[in-house]
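See below for input.pdb, which holds PDB, C-alpha atoms and all ligand atoms.
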```
ATOM      1  CA  MET S 565      13.786   0.026  17.148  1.00  0.00           C
ATOM      2  CA  ALA S 566      17.155  -0.395  15.479  1.00  0.00           C
ATOM      3  CA  ILE S 567      18.493  -3.887  15.214  1.00  0.00           C
ATOM      4  CA  ILE S 568      22.250  -4.036  15.106  1.00  0.00           C
ATOM      5  CA  PHE S 569      23.926  -6.938  13.366  1.00  0.00           C
ATOM      6  CA  LEU S 570      27.543  -7.851  13.870  1.00  0.00           C
ATOM      7  CA  ALA S 571      29.445  -7.711  10.628  1.00  0.00           C
ATOM      8  CA  GLY S 572      31.496 -10.644   9.492  1.00  0.00           C
ATOM      9  CA  PHE S 573      31.488 -14.110   8.044  1.00  0.00           C
ATOM     10  CA  ASN S 574      29.986 -15.824  11.083  1.00  0.00           C
ATOM     11  CA  ASN S 575      26.886 -13.762  10.820  1.00  0.00           C
ATOM     12  CA  THR S 576      26.457 -14.477   7.123  1.00  0.00           C
ATOM     13  CA  LEU S 577      26.609 -18.143   7.935  1.00  0.00           C
ATOM     14  CA  GLN S 578      24.013 -17.730  10.641  1.00  0.00           C
ATOM     15  CA  ALA S 579      21.706 -15.815   8.358  1.00  0.00           C
ATOM     16  CA  GLN S 580      21.649 -18.799   5.997  1.00  0.00           C
ATOM     17  CA  THR S 581      20.960 -21.451   8.578  1.00  0.00           C
ATOM     18  CA  ASN S 582      18.830 -19.668  11.137  1.00  0.00           C
ATOM     19  CA  LYS S 583      15.074 -20.087  11.224  1.00  0.00           C
ATOM     20  CA  LYS S 584      12.468 -17.556  12.131  1.00  0.00           C
ATOM     21  CA  LEU S 585      11.236 -17.672  15.687  1.00  0.00           C
ATOM     22  CA  VAL S 586       8.525 -15.250  16.712  1.00  0.00           C
ATOM     23  CA  LEU S 587       8.236 -14.640  20.430  1.00  0.00           C
ATOM     24  CA  ASN S 588       4.886 -13.116  21.398  1.00  0.00           C
ATOM     25  CA  ILE S 589       4.283 -11.705  24.838  1.00  0.00           C
ATOM     26  CA  GLN S 590       0.767 -11.341  26.243  1.00  0.00           C
ATOM     27  CA  ASN S 591       0.346  -9.142  29.272  1.00  0.00           C
ATOM     28  CA  LYS S 592      -2.312 -10.451  31.636  1.00  0.00           C
ATOM     29  CA  ILE S 593      -3.792  -9.635  35.001  1.00  0.00           C
ATOM     30  CA  GLY S 594      -4.575 -13.027  36.475  1.00  0.00           C
ATOM     31  CA  ASP S 595      -6.521 -14.809  33.738  1.00  0.00           C
ATOM     32  CA  LYS S 596      -7.699 -11.581  32.060  1.00  0.00           C
ATOM     33  CA  PRO S 597      -5.872  -9.727  29.292  1.00  0.00           C
ATOM     34  CA  LEU S 598      -4.335  -6.516  30.585  1.00  0.00           C
ATOM     35  CA  ARG S 599      -6.308  -3.528  29.371  1.00  0.00           C
ATOM     36  CA  LEU S 600      -4.879  -0.130  30.161  1.00  0.00           C
ATOM     37  CA  ASN S 601      -7.031   2.494  31.892  1.00  0.00           C
ATOM     38  CA  ASP S 602     -10.517   1.086  31.380  1.00  0.00           C
ATOM     39  CA  GLU S 603     -10.531  -2.065  33.412  1.00  0.00           C
ATOM     40  CA  TYR S 604     -10.249  -2.508  37.188  1.00  0.00           C
ATOM     41  CA  TYR S 605      -8.671  -5.501  38.863  1.00  0.00           C
ATOM     42  CA  THR S 606      -8.444  -6.666  42.466  1.00  0.00           C
ATOM     43  CA  ASN S 607      -5.278  -7.870  44.165  1.00  0.00           C
ATOM     44  CA  ARG S 608      -4.821 -10.280  47.071  1.00  0.00           C
ATOM     45  CA  ALA S 609      -4.871  -7.382  49.542  1.00  0.00           C
ATOM     46  CA  GLY S 610      -8.392  -6.604  48.295  1.00  0.00           C
ATOM     47  CA  GLU S 611      -7.385  -3.383  46.546  1.00  0.00           C
ATOM     48  CA  LYS S 612      -9.134  -2.400  43.328  1.00  0.00           C
ATOM     49  CA  PHE S 613      -6.810  -0.780  40.807  1.00  0.00           C
ATOM     50  CA  ASN S 614      -6.320  -0.021  37.155  1.00  0.00           C
ATOM     51  CA  ILE S 615      -3.104   0.101  35.150  1.00  0.00           C
ATOM     52  CA  THR S 616      -2.187   3.210  33.193  1.00  0.00           C
ATOM     53  CA  THR S 617       1.412   2.344  32.241  1.00  0.00           C
ATOM     54  CA  CYS S 618       3.079  -1.028  31.858  1.00  0.00           C
ATOM     55  CA  ASN S 619       6.618  -1.108  30.451  1.00  0.00           C
ATOM     56  CA  TYR S 620       9.428  -3.553  31.106  1.00  0.00           C
ATOM     57  CA  PHE S 621      12.707  -4.696  29.585  1.00  0.00           C
ATOM     58  CA  ILE S 622      13.576  -8.218  28.672  1.00  0.00           C
ATOM     59  CA  SER S 623      17.074  -9.001  27.460  1.00  0.00           C
ATOM     60  CA  ASN S 624      19.774 -11.617  26.940  1.00  0.00           C
ATOM     61  CA  ILE S 625      17.490 -14.257  25.462  1.00  0.00           C
ATOM     62  CA  LYS S 626      18.783 -17.794  25.058  1.00  0.00           C
ATOM     63  CA  PHE S 627      17.313 -21.140  24.092  1.00  0.00           C
ATOM     64  CA  THR S 628      18.372 -24.486  25.482  1.00  0.00           C
ATOM     65  CA  GLY S 629      18.323 -27.315  22.977  1.00  0.00           C
ATOM     66  CA  SER S 630      17.079 -30.797  23.845  1.00  0.00           C
ATOM     67  CA  ASN S 631      20.684 -31.889  23.189  1.00  0.00           C
ATOM     68  CA  GLY S 632      21.865 -29.495  25.919  1.00  0.00           C
ATOM     69  CA  VAL S 633      23.369 -26.986  23.493  1.00  0.00           C
ATOM     70  CA  VAL S 634      22.437 -23.395  24.318  1.00  0.00           C
ATOM     71  CA  TYR S 635      21.789 -20.852  21.587  1.00  0.00           C
ATOM     72  CA  VAL S 636      22.434 -17.297  22.802  1.00  0.00           C
ATOM     73  CA  VAL S 637      20.775 -14.566  20.740  1.00  0.00           C
ATOM     74  CA  PRO S 638      23.581 -12.152  19.672  1.00  0.00           C
ATOM     75  CA  GLN S 639      23.737  -9.716  22.549  1.00  0.00           C
ATOM     76  CA  ASP S 640      23.650  -6.561  20.438  1.00  0.00           C
ATOM     77  CA  SER S 641      20.176  -7.522  19.252  1.00  0.00           C
ATOM     78  CA  SER S 642      18.856  -8.932  22.510  1.00  0.00           C
ATOM     79  CA  TYR S 643      17.348  -5.934  24.350  1.00  0.00           C
ATOM     80  CA  PHE S 644      13.615  -5.330  24.153  1.00  0.00           C
ATOM     81  CA  LEU S 645      11.362  -2.783  25.805  1.00  0.00           C
ATOM     82  CA  ILE S 646       7.867  -4.227  26.074  1.00  0.00           C
ATOM     83  CA  LYS S 647       5.206  -1.528  26.253  1.00  0.00           C
ATOM     84  CA  GLU S 648       1.550  -2.381  26.698  1.00  0.00           C
ATOM     85  CA  ASN S 649       0.552   0.805  24.849  1.00  0.00           C
ATOM     86  CA  ASP S 650       2.644  -0.165  21.803  1.00  0.00           C
ATOM     87  CA  PRO S 651       1.463  -3.594  20.582  1.00  0.00           C
ATOM     88  CA  ALA S 652       4.350  -3.960  18.104  1.00  0.00           C
ATOM     89  CA  THR S 653       6.780  -4.179  21.021  1.00  0.00           C
ATOM     90  CA  LYS S 654       5.076  -7.362  22.221  1.00  0.00           C
ATOM     91  CA  THR S 655       6.241  -9.297  19.169  1.00  0.00           C
ATOM     92  CA  ILE S 656       9.928 -10.138  19.059  1.00  0.00           C
ATOM     93  CA  ASN S 657      11.362 -11.543  15.843  1.00  0.00           C
ATOM     94  CA  LEU S 658      14.372 -13.771  16.334  1.00  0.00           C
ATOM     95  CA  ALA S 659      16.559 -15.951  14.150  1.00  0.00           C
ATOM     96  CA  VAL S 660      17.547 -19.228  15.743  1.00  0.00           C
ATOM     97  CA  PRO S 661      19.463 -22.221  14.351  1.00  0.00           C
ATOM     98  CA  LYS S 662      17.328 -25.227  13.491  1.00  0.00           C
ATOM     99  CA  GLY S 663      16.887 -27.709  16.259  1.00  0.00           C
ATOM    100  CA  ARG S 664      14.616 -28.667  19.116  1.00  0.00           C
ATOM    101  CA  TYR S 665      14.536 -26.359  22.142  1.00  0.00           C
ATOM    102  CA  THR S 666      13.089 -27.183  25.528  1.00  0.00           C
ATOM    103  CA  ALA S 667      13.685 -23.996  27.518  1.00  0.00           C
ATOM    104  CA  VAL S 668      13.941 -20.257  27.011  1.00  0.00           C
ATOM    105  CA  THR S 669      15.864 -18.038  29.418  1.00  0.00           C
ATOM    106  CA  PHE S 670      15.996 -14.252  29.626  1.00  0.00           C
ATOM    107  CA  THR S 671      16.712 -11.370  31.967  1.00  0.00           C
ATOM    108  CA  ILE S 672      13.971  -9.075  33.205  1.00  0.00           C
ATOM    109  CA  GLY S 673      15.855  -5.806  32.999  1.00  0.00           C
ATOM    110  CA  VAL S 674      19.227  -4.783  31.613  1.00  0.00           C
ATOM    111  CA  ASP S 675      22.424  -6.500  32.746  1.00  0.00           C
ATOM    112  CA  SER S 676      25.062  -4.482  34.566  1.00  0.00           C
ATOM    113  CA  LEU S 677      27.630  -4.552  31.768  1.00  0.00           C
ATOM    114  CA  ARG S 678      25.275  -3.093  29.174  1.00  0.00           C
ATOM    115  CA  SER S 679      23.823  -0.667  31.711  1.00  0.00           C
ATOM    116  CA  THR S 680      27.229   0.951  32.103  1.00  0.00           C
ATOM    117  CA  THR S 681      28.766   0.529  28.683  1.00  0.00           C
ATOM    118  CA  ASP S 682      29.529   3.461  26.406  1.00  0.00           C
ATOM    119  CA  LEU S 683      26.450   5.188  25.029  1.00  0.00           C
ATOM    120  CA  SER S 684      27.491   4.178  21.500  1.00  0.00           C
ATOM    121  CA  GLN S 685      26.780   0.577  22.552  1.00  0.00           C
ATOM    122  CA  ARG S 686      23.316   1.434  23.812  1.00  0.00           C
ATOM    123  CA  LYS S 687      21.096   1.880  20.811  1.00  0.00           C
ATOM    124  CA  GLY S 688      17.530   0.915  19.973  1.00  0.00           C
ATOM    125  CA  ALA S 689      15.547   0.160  23.125  1.00  0.00           C
ATOM    126  CA  LEU S 690      18.492   1.295  25.259  1.00  0.00           C
ATOM    127  CA  ASP S 691      19.026   4.676  23.604  1.00  0.00           C
ATOM    128  CA  ILE S 692      18.875   7.327  26.309  1.00  0.00           C
ATOM    129  CA  SER S 693      19.591  10.290  24.052  1.00  0.00           C
ATOM    130  CA  GLY S 694      16.747  12.747  23.746  1.00  0.00           C
ATOM    131  CA  GLY S 695      15.774  12.213  27.357  1.00  0.00           C
ATOM    132  CA  MET S 696      14.300   8.785  26.734  1.00  0.00           C
ATOM    133  CA  THR S 697      10.652   9.673  26.303  1.00  0.00           C
ATOM    134  CA  ASP S 698       9.457   6.492  27.984  1.00  0.00           C
ATOM    135  CA  GLY S 699      11.277   7.540  31.139  1.00  0.00           C
ATOM    136  CA  MET S 700      12.980   4.189  31.501  1.00  0.00           C
ATOM    137  CA  TYR S 701      16.357   5.509  32.663  1.00  0.00           C
ATOM    138  CA  TRP S 702      17.656   7.130  35.849  1.00  0.00           C
ATOM    139  CA  THR S 703      21.412   7.780  36.036  1.00  0.00           C
ATOM    140  CA  TRP S 704      24.753   6.081  35.465  1.00  0.00           C
ATOM    141  CA  ASN S 705      24.754   4.602  38.940  1.00  0.00           C
ATOM    142  CA  SER S 706      21.111   3.537  38.967  1.00  0.00           C
ATOM    143  CA  GLY S 707      20.721   2.689  35.288  1.00  0.00           C
ATOM    144  CA  TYR S 708      17.513   1.627  33.584  1.00  0.00           C
ATOM    145  CA  LEU S 709      14.095   1.083  35.084  1.00  0.00           C
ATOM    146  CA  PHE S 710      13.462  -2.593  34.464  1.00  0.00           C
ATOM    147  CA  LEU S 711       9.747  -2.299  35.107  1.00  0.00           C
ATOM    148  CA  LYS S 712       7.469   0.703  35.187  1.00  0.00           C
ATOM    149  CA  LEU S 713       3.971  -0.101  36.407  1.00  0.00           C
ATOM    150  CA  GLU S 714       1.587   2.718  37.230  1.00  0.00           C
ATOM    151  CA  GLY S 715      -2.103   3.005  37.890  1.00  0.00           C
ATOM    152  CA  THR S 716      -4.778   4.397  40.135  1.00  0.00           C
ATOM    153  CA  CYS S 717      -6.228   2.898  43.276  1.00  0.00           C
ATOM    154  CA  ASP S 718      -8.506   4.326  45.993  1.00  0.00           C
ATOM    155  CA  GLN S 719      -6.197   2.849  48.640  1.00  0.00           C
ATOM    156  CA  ALA S 720      -3.082   4.568  47.250  1.00  0.00           C
ATOM    157  CA  LYS S 721      -1.624   7.365  49.327  1.00  0.00           C
ATOM    158  CA  VAL S 722      -2.438  10.821  48.023  1.00  0.00           C
ATOM    159  CA  ASP S 723       0.540  12.054  46.023  1.00  0.00           C
ATOM    160  CA  LEU S 724       1.945  15.571  45.660  1.00  0.00           C
ATOM    161  CA  THR S 725      -0.516  16.320  42.875  1.00  0.00           C
ATOM    162  CA  GLY S 726      -3.465  15.213  44.999  1.00  0.00           C
ATOM    163  CA  GLN S 727      -4.012  11.971  43.092  1.00  0.00           C
ATOM    164  CA  ARG S 728      -4.282   8.446  44.413  1.00  0.00           C
ATOM    165  CA  LYS S 729      -1.825   6.728  42.115  1.00  0.00           C
ATOM    166  CA  PHE S 730       0.674   3.951  42.564  1.00  0.00           C
ATOM    167  CA  ARG S 731       4.031   4.107  40.831  1.00  0.00           C
ATOM    168  CA  TYR S 732       6.358   1.128  40.770  1.00  0.00           C
ATOM    169  CA  HIS S 733       9.641   2.049  39.120  1.00  0.00           C
ATOM    170  CA  ILE S 734      11.869  -0.960  39.612  1.00  0.00           C
ATOM    171  CA  GLY S 735      15.489  -1.110  38.537  1.00  0.00           C
ATOM    172  CA  GLY S 736      18.961  -1.494  39.967  1.00  0.00           C
ATOM    173  CA  PHE S 737      21.740  -3.509  38.355  1.00  0.00           C
ATOM    174  CA  GLY S 738      24.084  -3.385  41.328  1.00  0.00           C
ATOM    175  CA  GLY S 739      25.657   0.054  40.875  1.00  0.00           C
ATOM    176  CA  TYR S 740      28.250   1.688  38.642  1.00  0.00           C
ATOM    177  CA  ASN S 741      30.587   3.685  40.867  1.00  0.00           C
ATOM    178  CA  LYS S 742      29.186   2.492  44.184  1.00  0.00           C
ATOM    179  CA  PRO S 743      27.268  -0.670  45.095  1.00  0.00           C
ATOM    180  CA  SER S 744      23.506  -0.372  44.995  1.00  0.00           C
ATOM    181  CA  ILE S 745      20.374  -2.448  44.759  1.00  0.00           C
ATOM    182  CA  ASN S 746      20.406  -5.414  42.427  1.00  0.00           C
ATOM    183  CA  ASN S 747      17.010  -6.269  41.010  1.00  0.00           C
ATOM    184  CA  ILE S 748      18.265  -8.212  37.983  1.00  0.00           C
ATOM    185  CA  ARG S 749      16.081 -11.293  37.692  1.00  0.00           C
ATOM    186  CA  ILE S 750      16.686 -14.156  35.284  1.00  0.00           C
ATOM    187  CA  VAL S 751      13.763 -16.276  34.189  1.00  0.00           C
ATOM    188  CA  THR S 752      13.716 -19.716  32.612  1.00  0.00           C
ATOM    189  CA  ILE S 753      10.518 -21.051  31.077  1.00  0.00           C
ATOM    190  CA  ASP S 754      10.307 -24.796  30.643  1.00  0.00           C
ATOM    191  CA  LEU S 755       9.330 -25.821  27.119  1.00  0.00           C
ATOM    192  CA  SER S 756       9.583 -29.561  27.480  1.00  0.00           C
ATOM    193  CA  GLY S 757       7.089 -31.983  25.967  1.00  0.00           C
ATOM    194  CA  LYS S 758       4.498 -30.410  23.700  1.00  0.00           C
ATOM    195  CA  ALA S 759       5.799 -26.925  24.469  1.00  0.00           C
ATOM    196  CA  ALA S 760       9.121 -27.653  22.733  1.00  0.00           C
ATOM    197  CA  ILE S 761      10.144 -25.475  19.808  1.00  0.00           C
ATOM    198  CA  ASN S 762      10.942 -27.574  16.749  1.00  0.00           C
ATOM    199  CA  LEU S 763      12.749 -25.641  14.067  1.00  0.00           C
ATOM    200  CA  LYS S 764      13.195 -27.980  11.150  1.00  0.00           C
ATOM    201  CA  ASN S 765      14.455 -27.265   7.644  1.00  0.00           C
ATOM    202  CA  LYS S 766      11.666 -24.978   6.422  1.00  0.00           C
ATOM    203  CA  ALA S 767       9.968 -24.316   9.695  1.00  0.00           C
ATOM    204  CA  LYS S 768       9.094 -21.122  11.411  1.00  0.00           C
ATOM    205  CA  ALA S 769       7.905 -21.299  14.988  1.00  0.00           C
ATOM    206  CA  THR S 770       5.828 -19.028  17.163  1.00  0.00           C
ATOM    207  CA  LEU S 771       6.248 -19.085  20.902  1.00  0.00           C
ATOM    208  CA  ASP S 772       3.565 -17.362  22.976  1.00  0.00           C
ATOM    209  CA  ILE S 773       4.372 -16.548  26.557  1.00  0.00           C
ATOM    210  CA  GLN S 774       2.411 -14.514  29.061  1.00  0.00           C
ATOM    211  CA  ALA S 775       3.352 -12.074  31.766  1.00  0.00           C
ATOM    212  CA  ASP S 776       0.864 -11.975  34.609  1.00  0.00           C
ATOM    213  CA  LEU S 777       1.337  -8.488  36.032  1.00  0.00           C
ATOM    214  CA  LEU S 778      -0.912  -9.338  38.978  1.00  0.00           C
ATOM    215  CA  LYS S 779       2.136 -11.208  40.296  1.00  0.00           C
ATOM    216  CA  VAL S 780       3.723  -7.803  40.979  1.00  0.00           C
ATOM    217  CA  PHE S 781       1.320  -7.620  43.934  1.00  0.00           C
ATOM    218  CA  ASP S 782       0.375 -11.249  44.484  1.00  0.00           C
ATOM    219  CA  GLY S 783       3.614 -13.164  44.155  1.00  0.00           C
ATOM    220  CA  GLN S 784       5.791 -14.850  46.750  1.00  0.00           C
ATOM    221  CA  ASN S 785       5.355 -11.561  48.651  1.00  0.00           C
ATOM    222  CA  THR S 786       2.030  -9.814  49.106  1.00  0.00           C
ATOM    223  CA  VAL S 787       2.496  -6.212  48.039  1.00  0.00           C
ATOM    224  CA  SER S 788      -0.207  -3.796  49.126  1.00  0.00           C
ATOM    225  CA  ILE S 789      -0.761  -0.533  47.300  1.00  0.00           C
ATOM    226  CA  ALA S 790      -1.890   1.118  50.552  1.00  0.00           C
ATOM    227  CA  ASN S 791       1.463   0.253  52.162  1.00  0.00           C
ATOM    228  CA  ASP S 792       3.599   0.787  49.075  1.00  0.00           C
ATOM    229  CA  SER S 793       2.045   3.354  46.763  1.00  0.00           C
ATOM    230  CA  SER S 794       5.402   4.442  45.439  1.00  0.00           C
ATOM    231  CA  VAL S 795       8.199   1.929  45.023  1.00  0.00           C
ATOM    232  CA  MET S 796      11.355   3.419  43.550  1.00  0.00           C
ATOM    233  CA  PHE S 797      15.041   2.906  44.158  1.00  0.00           C
ATOM    234  CA  GLY S 798      14.723   1.521  47.682  1.00  0.00           C
ATOM    235  CA  ASN S 799      14.596  -1.696  49.654  1.00  0.00           C
ATOM    236  CA  ALA S 800      10.912  -2.315  48.896  1.00  0.00           C
ATOM    237  CA  SER S 801      11.872  -2.772  45.251  1.00  0.00           C
ATOM    238  CA  LYS S 802      13.274  -6.219  46.040  1.00  0.00           C
ATOM    239  CA  THR S 803       9.881  -7.489  47.195  1.00  0.00           C
ATOM    240  CA  VAL S 804       8.478  -6.364  43.838  1.00  0.00           C
ATOM    241  CA  SER S 805      11.274  -7.819  41.675  1.00  0.00           C
ATOM    242  CA  ASP S 806      11.110 -11.128  43.556  1.00  0.00           C
ATOM    243  CA  ASN S 807       7.416 -11.127  42.724  1.00  0.00           C
ATOM    244  CA  TYR S 808       7.687 -10.332  39.030  1.00  0.00           C
ATOM    245  CA  ALA S 809      10.460 -12.889  38.610  1.00  0.00           C
ATOM    246  CA  GLY S 810       7.581 -15.391  38.728  1.00  0.00           C
ATOM    247  CA  MET S 811       5.202 -13.657  36.329  1.00  0.00           C
ATOM    248  CA  PHE S 812       6.141 -15.361  33.047  1.00  0.00           C
ATOM    249  CA  SER S 813       4.720 -18.643  31.802  1.00  0.00           C
ATOM    250  CA  HIS S 814       4.270 -20.589  28.593  1.00  0.00           C
ATOM    251  CA  VAL S 815       1.026 -20.263  26.610  1.00  0.00           C
ATOM    252  CA  SER S 816       1.560 -22.122  23.341  1.00  0.00           C
ATOM    253  CA  THR S 817       4.126 -23.158  20.774  1.00  0.00           C
ATOM    254  CA  LEU S 818       3.130 -23.227  17.117  1.00  0.00           C
ATOM    255  CA  LYS S 819       4.976 -24.655  14.172  1.00  0.00           C
ATOM    256  CA  LYS S 820       4.303 -23.289  10.716  1.00  0.00           C
TER
HETATM  257 CU    CU O   1      10.516   6.610  39.883  1.00  0.00          CU
END
```
So, in terms of structure tokens, how does the structure I just supplied come out?
Ligand SMILES: [Cu+2]
Amino acid sequence: MAIIFLAGFNNTLQAQTNKKLVLNIQNKIGDKPLRLNDEYYTNRAGEKFNITTCNYFISNIKFTGSNGVVYVVPQDSSYFLIKENDPATKTINLAVPKGRYTAVTFTIGVDSLRSTTDLSQRKGALDISGGMTDGMYWTWNSGYLFLKLEGTCDQAKVDLTGQRKFRYHIGGFGGYNKPSINNIRIVTIDLSGKAAINLKNKAKATLDIQADLLKVFDGQNTVSIANDSSVMFGNASKTVSDNYAGMFSHVSTLKK
């Protein structure tokens, strides 16, 4: 993934004063680590399923200091595609000014402005040239898939290829040339008390957070694979995005 730095004096200054902050993301299903293909899980509706694909975007990361000052990660380097089948994508290396931070905030998905900006401004994780092999993009009006979760389940409706698969392709930034679904969800994780990030003079910090993908089904809404085997660009997508808005939580904060 290409990381784009803004040229100029400000950035040079930042490079000297910023500290390393490693953000690790662990995908879970309930209290178990997510394992693609091999393992079966059960949701609240009593459906047994496995996961074959789990990709999602997080973007626009910012940290709130204990003094109330917010550090916004430069936007050009604040888009990340997390892919369970590519472990390197689950570690995000950031540079953050020293200080004490008590909350982290980010978007699940890609904001509307960046979704519709010129292609030259959409590099790295957002590059759609070459057909985007991960299949995380629809069209100019629909934009990026924010979450792609697929798997098999005996209760899933039989699809056109005769398989019982579920496919949740959730996106929608509000529409480019006509209004459409908005599934942008912004998440804030509280890091107060012992969870606080302390970046002192020589420090490097590691922040581990988890995403519980079971929440896609078992969140504030109960989503059943039998009822919704295929959730794409339609009204059902809101029940899913409202669910995954609650899937992130803090695991640990380490100082080194
Ligand atoms: Cu789709």
Specify as a PyMOL selection string each residue included when the PyMOL selection byres (((chain S and resi 772) around 7) and not hetatm) is applied to this file. chain S and resi 587-589+770-771+773-774+814-817
Compare S:Gln590, S:Gln719, S:Asn807, S:Gln727 by their minimum atom-to-atom distance to S:Ala652, counting only C-alpha atoms, and give me the closest one.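 That would be S:Gln590, the residue with the smallest distance to S:Ala652.
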Looking at all atoms listed in the file, which of S:Leu690, S:Ile615, S:Leu658, S:Val751 is the one that sits closest to S:Leu598?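 Ranked by minimum distance to S:Leu598, first place goes to S:Ile615.
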Residues at most 12 Å from ligand CU 1 (chain O), using all atoms listed in the file? Could they come as an NGL selection string? :S and (698-703 or 706-714 or 730-736 or 793-798 or 801)
So that I have them on file, write out the residues from the current selection with C-alpha atoms, as a PDB file, in the frame of the given file.
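Printed below is again_28.pdb as written:
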```pdb
ATOM      1  CA  ASP S 698       9.457   6.492  27.984  1.00  0.00           C
ATOM      2  CA  GLY S 699      11.277   7.540  31.139  1.00  0.00           C
ATOM      3  CA  MET S 700      12.980   4.189  31.501  1.00  0.00           C
ATOM      4  CA  TYR S 701      16.357   5.509  32.663  1.00  0.00           C
ATOM      5  CA  TRP S 702      17.656   7.130  35.849  1.00  0.00           C
ATOM      6  CA  THR S 703      21.412   7.780  36.036  1.00  0.00           C
ATOM      7  CA  SER S 706      21.111   3.537  38.967  1.00  0.00           C
ATOM      8  CA  GLY S 707      20.721   2.689  35.288  1.00  0.00           C
ATOM      9  CA  TYR S 708      17.513   1.627  33.584  1.00  0.00           C
ATOM     10  CA  LEU S 709      14.095   1.083  35.084  1.00  0.00           C
ATOM     11  CA  PHE S 710      13.462  -2.593  34.464  1.00  0.00           C
ATOM     12  CA  LEU S 711       9.747  -2.299  35.107  1.00  0.00           C
ATOM     13  CA  LYS S 712       7.469   0.703  35.187  1.00  0.00           C
ATOM     14  CA  LEU S 713       3.971  -0.101  36.407  1.00  0.00           C
ATOM     15  CA  GLU S 714       1.587   2.718  37.230  1.00  0.00           C
ATOM     16  CA  PHE S 730       0.674   3.951  42.564  1.00  0.00           C
ATOM     17  CA  ARG S 731       4.031   4.107  40.831  1.00  0.00           C
ATOM     18  CA  TYR S 732       6.358   1.128  40.770  1.00  0.00           C
ATOM     19  CA  HIS S 733       9.641   2.049  39.120  1.00  0.00           C
ATOM     20  CA  ILE S 734      11.869  -0.960  39.612  1.00  0.00           C
ATOM     21  CA  GLY S 735      15.489  -1.110  38.537  1.00  0.00           C
ATOM     22  CA  GLY S 736      18.961  -1.494  39.967  1.00  0.00           C
ATOM     23  CA  SER S 793       2.045   3.354  46.763  1.00  0.00           C
ATOM     24  CA  SER S 794       5.402   4.442  45.439  1.00  0.00           C
ATOM     25  CA  VAL S 795       8.199   1.929  45.023  1.00  0.00           C
ATOM     26  CA  MET S 796      11.355   3.419  43.550  1.00  0.00           C
ATOM     27  CA  PHE S 797      15.041   2.906  44.158  1.00  0.00           C
ATOM     28  CA  GLY S 798      14.723   1.521  47.682  1.00  0.00           C
ATOM     29  CA  SER S 801      11.872  -2.772  45.251  1.00  0.00           C
TER      30      SER S 801
END
```
Which residues are near S:Gly715? Cut-off 9 Å, all atoms listed in the file, ignore same chain within fewer than 4 positions. Put them as a count of residues only. 12
Counting all atoms listed in the file, which residue out of S:Asn591, S:Asn765, S:Ser630, S:Asn705 sits closest to S:Tyr740?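 Going through S:Asn591, S:Asn765, S:Ser630, S:Asn705 one by one, the smallest distance to S:Tyr740 is for S:Asn705.
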For the PyMOL selection byres (((chain S and resi 804) around 8) and not hetatm), applied here, can you spell out every residue it catches as a PyMOL selection string? chain S and resi 734+780-781+785+787+800-803+805-808
Can you spell out as a list in words the set of residues that the PyMOL selection byres (((chain S and resi 606) around 12) and not hetatm) selects in the structure I just provided?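 Applied to this file, the PyMOL selection byres (((chain S and resi 606) around 12) and not hetatm) returns Ile593, Gly594, Lys596, Glu603, Tyr604, Tyr605, Asn607, Arg608, Ala609, Gly610, Glu611, Lys612, Phe613, Asn614, Ile615, Thr716, Cys717, Asp718, Gln719, Leu777, Leu778, Lys779, Phe781, Asp782, Ser788 and Ile789 of chain S.
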Using only C-alpha atoms, tabulate the residues of stretch 676-780 of chain S lying at most 9 Å from any atom of stretch 632-642 of chain S, each with its closest atom pair and that distance in Å to one decimal, by chain and increasing residue number, as CSV.
```
residue,atom,partner,partner_atom,distance
S:Gln685,CA,S:Asp640,CA,8.1
S:Arg686,CA,S:Asp640,CA,8.7
S:Lys687,CA,S:Asp640,CA,8.8
S:Gly688,CA,S:Ser641,CA,8.9
```
Dump of C-alpha atoms for the selected residues, as a compact mmCIF listing (two decimals), keeping the file's coordinate frame:
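As written to disk, again19.txt reads:
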```txt
# COMPACT_ATOMS: atom_id res chain seq x y z
CA GLN S 685 26.78 0.58 22.55
CA ARG S 686 23.32 1.43 23.81
CA LYS S 687 21.10 1.88 20.81
CA GLY S 688 17.53 0.92 19.97
```
With 5 Å of padding per side, what axis-aligned box (centre and edge lengths, Å, one decimal) covers all the listed atoms of stretch 645-655 of chain S? Give it as AutoDock Vina command-line options.
```
--center_x 6.0 --center_y -4.2 --center_z 22.4 --size_x 20.8 --size_y 20.1 --size_z 18.6
```
Just give me the gap between atom CA of S:Asp792 and atom CA of S:Ala720 in Å, one decimal is fine.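 Between atom CA of S:Asp792 and atom CA of S:Ala720 the gap is 7.9 Å.
Nearest to S:Asp682 of all the residues S:Trp704, S:Asn799, S:Asp595, S:Asp650 is S:Trp704, counting all atoms listed in the file.
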In Å to one decimal, how far is atom CA of S:Lys592 from atom CA of S:Asp723? 26.9 Å
One decimal, Å: what's the distance from atom CA of S:Phe737 over to atom CA of S:Leu645, could you say? 16.3 Å
All residues 8 Å or closer to S:Gly663, only C-alpha atoms, same chain fewer than 5 positions away omitted, as a VMD selection string: chain S and resid 629 761 to 764
Which one of S:Thr725, S:Thr655, S:Asn791, S:Gln784 sits closest to S:Gly810 if you count all atoms listed in the file?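 Ranking S:Thr725, S:Thr655, S:Asn791, S:Gln784 by distance to S:Gly810, first place goes to S:Gln784.
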Counting all atoms listed in the file, figure out which residue out of S:Pro597, S:Lys584, S:Ser684, S:Asn631 gets nearest to S:Asp776.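 That would be S:Pro597, the residue with the smallest distance to S:Asp776.
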